[in-house]
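Source file: data.cif. Holds: mmCIF, C-alpha atoms.
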data_data
#
loop_
_atom_site.group_PDB
_atom_site.id
_atom_site.type_symbol
_atom_site.label_atom_id
_atom_site.label_comp_id
_atom_site.auth_asym_id
_atom_site.auth_seq_id
_atom_site.Cartn_x
_atom_site.Cartn_y
_atom_site.Cartn_z
ATOM 1 C CA MET A 1 -55.733 12.696 -1.217
ATOM 2 C CA LYS A 2 -56.373 15.989 -3.012
ATOM 3 C CA TYR A 3 -54.101 17.287 -5.761
ATOM 4 C CA GLN A 4 -53.914 20.489 -7.812
ATOM 5 C CA TYR A 5 -52.442 20.673 -11.297
ATOM 6 C CA GLN A 6 -51.690 23.885 -13.188
ATOM 7 C CA THR A 7 -52.688 23.259 -16.799
ATOM 8 C CA LYS A 8 -50.563 24.276 -19.775
ATOM 9 C CA GLY A 9 -51.846 25.299 -23.209
ATOM 10 C CA THR A 10 -55.589 25.121 -22.491
ATOM 11 C CA CYS A 11 -58.460 27.459 -21.639
ATOM 12 C CA SER A 12 -58.768 25.808 -18.241
ATOM 13 C CA ARG A 13 -56.202 27.033 -15.725
ATOM 14 C CA MET A 14 -56.227 24.375 -13.019
ATOM 15 C CA ILE A 15 -57.485 20.888 -12.279
ATOM 16 C CA GLU A 16 -58.323 19.715 -8.760
ATOM 17 C CA ILE A 17 -58.311 15.940 -8.386
ATOM 18 C CA GLU A 18 -59.282 13.795 -5.415
ATOM 19 C CA ILE A 19 -58.133 10.164 -5.311
ATOM 20 C CA GLU A 20 -58.952 7.693 -2.537
ATOM 21 C CA ASP A 21 -58.190 3.961 -2.445
ATOM 22 C CA GLY A 22 -56.774 4.094 -5.970
ATOM 23 C CA LEU A 23 -59.962 5.530 -7.511
ATOM 24 C CA ILE A 24 -60.801 9.017 -8.712
ATOM 25 C CA GLN A 25 -63.410 10.517 -6.402
ATOM 26 C CA ASP A 26 -63.685 14.021 -7.868
ATOM 27 C CA VAL A 27 -62.289 16.151 -10.698
ATOM 28 C CA ARG A 28 -62.916 19.899 -10.978
ATOM 29 C CA PHE A 29 -61.582 22.234 -13.641
ATOM 30 C CA THR A 30 -61.093 25.987 -13.194
ATOM 31 C CA GLY A 31 -61.821 27.836 -16.429
ATOM 32 C CA GLY A 32 -62.510 26.243 -19.774
ATOM 33 C CA CYS A 33 -65.823 24.962 -21.149
ATOM 34 C CA HIS A 34 -67.709 24.466 -17.910
ATOM 35 C CA GLY A 35 -70.379 22.006 -19.089
ATOM 36 C CA ASN A 36 -67.972 19.796 -21.029
ATOM 37 C CA LEU A 37 -65.484 19.728 -18.172
ATOM 38 C CA GLN A 38 -68.192 18.878 -15.638
ATOM 39 C CA GLY A 39 -69.087 15.993 -17.943
ATOM 40 C CA ILE A 40 -65.503 14.741 -18.039
ATOM 41 C CA GLY A 41 -65.341 14.928 -14.241
ATOM 42 C CA ALA A 42 -68.557 12.912 -13.924
ATOM 43 C CA LEU A 43 -67.408 10.298 -16.442
ATOM 44 C CA VAL A 44 -64.046 9.608 -14.782
ATOM 45 C CA LYS A 45 -65.436 9.413 -11.228
ATOM 46 C CA GLY A 46 -64.842 5.926 -9.828
ATOM 47 C CA MET A 47 -62.197 5.061 -12.421
ATOM 48 C CA LYS A 48 -58.564 4.128 -11.848
ATOM 49 C CA PRO A 49 -56.150 6.878 -12.919
ATOM 50 C CA GLU A 50 -54.374 4.487 -15.318
ATOM 51 C CA GLU A 51 -57.626 3.801 -17.178
ATOM 52 C CA VAL A 52 -58.338 7.528 -17.534
ATOM 53 C CA ILE A 53 -54.810 8.117 -18.827
ATOM 54 C CA GLY A 54 -55.300 5.372 -21.415
ATOM 55 C CA ARG A 55 -58.496 6.984 -22.671
ATOM 56 C CA LEU A 56 -57.574 10.675 -22.596
ATOM 57 C CA ASP A 57 -53.823 10.881 -23.256
ATOM 58 C CA GLY A 58 -53.019 12.605 -26.536
ATOM 59 C CA ILE A 59 -56.452 14.123 -27.254
ATOM 60 C CA LEU A 60 -56.007 17.500 -28.935
ATOM 61 C CA CYS A 61 -58.230 20.605 -29.019
ATOM 62 C CA GLY A 62 -58.308 22.087 -32.512
ATOM 63 C CA SER A 63 -54.817 23.144 -33.528
ATOM 64 C CA LYS A 64 -53.521 23.173 -29.927
ATOM 65 C CA ALA A 65 -50.858 20.680 -28.880
ATOM 66 C CA THR A 66 -53.038 19.519 -25.963
ATOM 67 C CA SER A 67 -56.588 19.679 -24.562
ATOM 68 C CA CYS A 68 -58.315 19.703 -21.193
ATOM 69 C CA PRO A 69 -58.758 15.898 -21.289
ATOM 70 C CA ASP A 70 -55.083 15.502 -22.231
ATOM 71 C CA GLN A 71 -54.094 17.822 -19.378
ATOM 72 C CA LEU A 72 -56.101 15.644 -16.980
ATOM 73 C CA SER A 73 -54.100 12.640 -18.183
ATOM 74 C CA GLN A 74 -50.836 14.594 -17.683
ATOM 75 C CA ALA A 75 -51.915 15.505 -14.147
ATOM 76 C CA LEU A 76 -52.709 11.882 -13.352
ATOM 77 C CA LYS A 77 -49.320 10.771 -14.724
ATOM 78 C CA GLU A 78 -47.618 13.185 -12.305
ATOM 79 C CA ILE A 79 -49.736 11.930 -9.407
ATOM 80 C CA ILE A 80 -48.888 8.296 -10.177
ATOM 81 C CA ALA A 81 -45.167 9.147 -10.441
ATOM 82 C CA GLU A 82 -45.140 10.615 -6.909
#

I'd like the structure from this file rewritten - as structure tokens, please.
Amino acid sequence: MKYQYQTKGTCSRMIEIEIEDGLIQDVRFTGGCHGNLQGIGALVKGMKPEEVIGRLDGILCGSKATSCPDQLSQALKEIIAE
């Protein structure tokens, strides 16, 4: 299943997430620090959403109240709640 999440408070504007059989298959960010966000996508591939949430939830970017990794965790929380 493919999902789109509009980010809030970050340089990235959107996250596209693909989940099949309870595992993350692909994560793509629109905007933001391209290399770093490609790295995050590669690292979380094959992981369960709950594990990613546990690792990324609450990470901040400088003085911002969130970050791209934190926004990925927020997106996954919404997906799980559906």

Item to check | Picked residues, the PyMOL selection byres ((chain A and resi 5-22) around 9), as a PyMOL selection string | outcome: chain A and resi 1-4+23-33+47-49+61+64-68+71-72+74-76+78

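CA of Asn36 (chain A) is positioned 10.0 Å from CA of Pro69 (chain A).
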
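Note that CA of Val52 (chain A) and CA of Ser73 (chain A) are 6.7 Å apart.
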
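For the pair CA of Asp70 (chain A) and CA of Ile40 (chain A), the separation is 11.3 Å.
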
Could you add N, CA and C atoms to region 12-27 of chain A and give me the result as a CSV table (one decimal), in the frame of the given file?
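part_18.csv written:
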chain,number,residue,atom,x,y,z
A,12,SER,N,-58.7,26.0,-19.7
A,12,SER,CA,-58.8,25.8,-18.2
A,12,SER,C,-57.4,26.2,-17.6
A,13,ARG,N,-57.4,26.6,-16.4
A,13,ARG,CA,-56.2,27.0,-15.7
A,13,ARG,C,-55.7,26.1,-14.7
A,14,MET,N,-56.6,25.3,-14.1
A,14,MET,CA,-56.2,24.4,-13.0
A,14,MET,C,-57.2,23.2,-13.0
A,15,ILE,N,-56.7,22.1,-12.5
A,15,ILE,CA,-57.5,20.9,-12.3
A,15,ILE,C,-57.3,20.5,-10.8
A,16,GLU,N,-58.4,20.3,-10.1
A,16,GLU,CA,-58.3,19.7,-8.8
A,16,GLU,C,-58.8,18.3,-8.8
A,17,ILE,N,-58.0,17.4,-8.3
A,17,ILE,CA,-58.3,15.9,-8.4
A,17,ILE,C,-58.3,15.3,-7.0
A,18,GLU,N,-59.3,14.5,-6.7
A,18,GLU,CA,-59.3,13.8,-5.4
A,18,GLU,C,-59.3,12.3,-5.7
A,19,ILE,N,-58.3,11.6,-5.1
A,19,ILE,CA,-58.1,10.2,-5.3
A,19,ILE,C,-58.1,9.5,-3.9
A,20,GLU,N,-58.9,8.5,-3.8
A,20,GLU,CA,-59.0,7.7,-2.5
A,20,GLU,C,-59.0,6.2,-2.9
A,21,ASP,N,-58.2,5.4,-2.2
A,21,ASP,CA,-58.2,4.0,-2.4
A,21,ASP,C,-58.0,3.6,-3.9
A,22,GLY,N,-57.1,4.4,-4.6
A,22,GLY,CA,-56.8,4.1,-6.0
A,22,GLY,C,-57.8,4.5,-7.0
A,23,LEU,N,-58.9,5.1,-6.6
A,23,LEU,CA,-60.0,5.5,-7.5
A,23,LEU,C,-60.2,7.0,-7.5
A,24,ILE,N,-60.5,7.6,-8.6
A,24,ILE,CA,-60.8,9.0,-8.7
A,24,ILE,C,-62.2,9.3,-8.1
A,25,GLN,N,-62.2,10.2,-7.1
A,25,GLN,CA,-63.4,10.5,-6.4
A,25,GLN,C,-64.0,11.8,-6.9
A,26,ASP,N,-63.2,12.7,-7.4
A,26,ASP,CA,-63.7,14.0,-7.9
A,26,ASP,C,-62.7,14.7,-8.8
A,27,VAL,N,-63.1,15.4,-9.8
A,27,VAL,CA,-62.3,16.2,-10.7
A,27,VAL,C,-63.0,17.4,-11.0
